[in-house]
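The structure appears right after this line, and notes come after that.
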Amino acid sequence: MSLFDSPSFEGHEGIHAFSDEASGLKCIIAVHSTARGPAAGGCRMWNYASSDDALEDALKLSRAMSYKNAMADLELGGGKSVILGDARTQKTPALFEAFGRAVEAVGGRYWTAEDVGVSPTDLAYARKHTRYVAGLDGHAAASGDPSPVTAEGVFRGVRLCVRRALRRDLDGVRVAIQGVGHVGAYLAQKLHAAGAKLILTDVNTEMLRRVADATDAEVVAPGAIFDVDADVFAPCALGGAVSLDTLPRIRARVIAGAANNQLADAEAGRQLFRRGILYAPDYVINGGGIINVAGEIRALGRGEAFDPAWVEDKLDRLTLTLEEVLDQALHERRPTHEVANQIARARIAGAETRAAA
């Protein structure tokens with residue numbers, strides 16, 4: 001199947017591949033839509049099995065960012081970048097400087113930030129060669145680490161879904177969290193403070209033990225997280241956690257987490273609906289981080305200081321948007337991911353129509 005025939009392509013405006021022999025950089029920058037504003041989305045560094053896998057990930061993540069930014073009501077389009085390589089062993093300042101030159105070459109149509117395998121320290125090297133980097137410290141518009149804001153949005157979404165599906169508050173609710181990296185760890189702390197009982201897993205055993213000790217959580221092996229007795233399953237690692245293979249093992253009545261592209265495919269979402277499991281569409285519930293980044297981009301454009309109140313207002317509205325998606329899905333008896341996709345596409349199409357007028 002060619003690039004343009006791939007279901008994941010879905011109208012991307014541009015796919016940019018860059019390599020730099022001196023640093024070893026191989027990266028893809030995918031720009032899905034700039035209808036609502038410049039594309040924005042983080043940079044992921046991952047040891048992909050093939051360049052085809054990297055391209056597929058970039059396309060899916062980029063499209064999801066268009067939907068996420070639209071649902072968060074941001075003046076941003078969707079894009080994503082992926083660097084092919086092992087983040088544990090292949091990072092160098094030269095590699096990220098080369099990445100900065102690649103971002104600059106896209107001409108301001110894409111803003112980058114941190115994602116899996118990439119830190120603000122890495123992006124500081126990229127910033128030497130492009131201004132289109134958000135999430136760094138050292139200036140008045142700086143937004144800081146977006147992870148706590150992402151976790152806060154997910155926490156609010158989990159609480160909302162529990163109230164709707166289980167008719168109770170979080171106290172005593174059993175939550176299985178898959179992945180306790182930056183966002184997952186913050187989410188675990190918030191849920192623990194609210195009285196939830198946690199079951200955690202992660203491939204990073206040191207991080208897993210540290211978070212578990214701090215939250216009085218039970219620990220299970222990564223493959224066992226699907227089988228635990230939990231009310232909520234919170235995928236907070238890589239995408240594709242909810243599939244036709246894993247779904248029969250999940251006992252939770254709510255799926256709500258921070259990971260991107262949680263559904264392996266659309267059929268998994270339809271099966272969730274048929275089984276009566278309430279699913280919070282990932283790009284709606286996890287939009288807090290990009291809201292934080294958008295606050296920085298907004299402040300930089302205006303020559304102002306970062307405004308936390310603006311971010312808090314957007315975060316409040318994001319929770320209301322999630323509630324609207326759940327209400328519409330219930331009223332129309334449709335899967336929540338289909339309702340969210342429809343709303344996001346309509347918002348992007350509306351922006352395209354206004355731009356063409």
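Labels for the structure tokens follow display order: chains A, B, ..., residues from 1 in each chain, ligands from 1.
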
For this session: From a DSSP calculation on the backbone, collect every residue of stretch 24-111 of chain A in alpha helix (DSSP H) and output the set as JSON, numbers by chain.
Result: {"A": [51, 52, 53, 54, 55, 56, 57, 58, 59, 60, 61, 62, 63, 64, 65, 66, 67, 68, 69, 70, 71, 93, 94, 95, 96, 97, 98, 99, 100, 101, 102, 103, 104, 105]}

Could you please take those selected residues and save C-alpha atoms as an mmCIF file, in the first residue's frame?
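Saved file part-v1.cif follows:
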data_model
loop_
_atom_site.group_PDB
_atom_site.id
_atom_site.type_symbol
_atom_site.label_atom_id
_atom_site.label_comp_id
_atom_site.auth_asym_id
_atom_site.auth_seq_id
_atom_site.Cartn_x
_atom_site.Cartn_y
_atom_site.Cartn_z
ATOM 1 C CA SER A 51 11.074 3.085 8.902
ATOM 2 C CA ASP A 52 7.573 2.004 7.861
ATOM 3 C CA ASP A 53 6.636 1.613 11.529
ATOM 4 C CA ALA A 54 8.043 5.062 12.272
ATOM 5 C CA LEU A 55 6.066 6.613 9.435
ATOM 6 C CA GLU A 56 2.857 4.909 10.532
ATOM 7 C CA ASP A 57 3.349 6.158 14.107
ATOM 8 C CA ALA A 58 4.051 9.699 12.916
ATOM 9 C CA LEU A 59 0.918 9.722 10.753
ATOM 10 C CA LYS A 60 -1.368 8.438 13.504
ATOM 11 C CA LEU A 61 0.086 10.748 16.134
ATOM 12 C CA SER A 62 -0.066 13.773 13.830
ATOM 13 C CA ARG A 63 -3.707 13.172 12.962
ATOM 14 C CA ALA A 64 -4.505 12.680 16.654
ATOM 15 C CA MET A 65 -2.882 16.031 17.422
ATOM 16 C CA SER A 66 -5.174 17.766 14.912
ATOM 17 C CA TYR A 67 -8.157 16.237 16.680
ATOM 18 C CA LYS A 68 -6.727 16.951 20.136
ATOM 19 C CA ASN A 69 -6.037 20.611 19.412
ATOM 20 C CA ALA A 70 -9.465 21.051 17.850
ATOM 21 C CA MET A 71 -11.216 19.483 20.846
ATOM 22 C CA PRO A 93 23.692 17.160 21.397
ATOM 23 C CA ALA A 94 24.594 17.000 17.698
ATOM 24 C CA LEU A 95 21.593 14.814 16.930
ATOM 25 C CA PHE A 96 19.163 17.275 18.510
ATOM 26 C CA GLU A 97 20.867 20.253 16.901
ATOM 27 C CA ALA A 98 20.287 18.519 13.572
ATOM 28 C CA PHE A 99 16.680 17.950 14.592
ATOM 29 C CA GLY A 100 16.374 21.685 15.293
ATOM 30 C CA ARG A 101 17.562 22.422 11.763
ATOM 31 C CA ALA A 102 14.929 20.004 10.442
ATOM 32 C CA VAL A 103 12.155 21.778 12.362
ATOM 33 C CA GLU A 104 13.390 25.125 11.054
ATOM 34 C CA ALA A 105 13.308 23.796 7.498
#

Can you tell me which residues surround A:Ala30 at a distance of at most 8 Å, considering only C-alpha atoms, apart from same-chain residues fewer than 6 positions away, and format the answer as a tab-separated table (two decimals) with N, CA and C atoms, in the first residue's frame?
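Dumped everything to part_14.tsv:
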chain	number	residue	atom	x	y	z
A	12	HIS	N	-3.14	14.34	5.14
A	12	HIS	CA	-2.00	15.08	5.68
A	12	HIS	C	-1.54	16.15	4.68
A	14	GLY	N	1.52	17.52	4.77
A	14	GLY	CA	2.92	17.32	4.42
A	14	GLY	C	3.58	16.27	5.28
A	15	ILE	N	4.46	15.48	4.66
A	15	ILE	CA	5.28	14.49	5.36
A	15	ILE	C	6.73	14.82	5.01
A	16	HIS	N	7.53	15.11	6.01
A	16	HIS	CA	8.90	15.56	5.77
A	16	HIS	C	9.87	14.56	6.41
A	58	ALA	N	4.09	8.24	13.13
A	58	ALA	CA	4.05	9.70	12.92
A	58	ALA	C	2.71	10.13	12.34
A	59	LEU	N	2.19	9.37	11.37
A	59	LEU	CA	0.92	9.72	10.75
A	59	LEU	C	-0.22	9.66	11.76
A	62	SER	N	0.18	12.45	14.41
A	62	SER	CA	-0.07	13.77	13.83
A	62	SER	C	-1.56	14.03	13.67
A	79	GLY	N	0.45	18.19	14.29
A	79	GLY	CA	1.67	17.65	13.71
A	79	GLY	C	2.40	16.81	14.74
A	80	LYS	N	3.37	16.07	14.30
A	80	LYS	CA	4.17	15.23	15.20
A	80	LYS	C	5.49	14.93	14.53
A	81	SER	N	6.52	14.73	15.35
A	81	SER	CA	7.80	14.30	14.81
A	81	SER	C	8.27	13.06	15.54

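For the choices A:Pro148, A:Gly350, A:Gly24, A:Gly157, the atom-to-atom distance to A:Asp86 is smallest for A:Gly24 when using only C-alpha atoms.
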
Exercise. What lies within 9 Å of A:Gln189 using only C-alpha atoms, ignoring chain neighbours under 3 positions off, as a ChimeraX atom specification?
Worked result: /A:184-186,192-194,211,214-215

Problem set entry | Test item: residues at most 12 Å from A:Asp313, only C-alpha atoms, excluding those fewer than 5 positions along its chain, as a ChimeraX atom specification | /A:72-74,153,288,291-292,295,307-308,318-320

Next, write the just-selected residues to a file, as a compact mmCIF listing (two decimals), in the first residue's frame, keeping C-alpha atoms as the atom set.
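Dumped everything to out14.txt:
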# COMPACT_ATOMS: atom_id res chain seq x y z
CA ALA A 72 -9.19 21.67 23.21
CA ASP A 73 -10.33 24.71 21.19
CA LEU A 74 -6.78 25.81 20.43
CA GLY A 153 -6.79 16.81 32.80
CA GLY A 288 -3.88 19.25 29.12
CA ILE A 291 -2.98 23.32 26.28
CA ASN A 292 0.02 24.17 28.45
CA GLY A 295 -0.18 28.85 26.39
CA ASP A 307 -0.65 33.07 31.76
CA PRO A 308 -1.61 30.11 34.02
CA LEU A 318 -11.79 20.56 28.09
CA THR A 319 -13.58 18.67 30.87
CA LEU A 320 -16.87 20.16 29.68
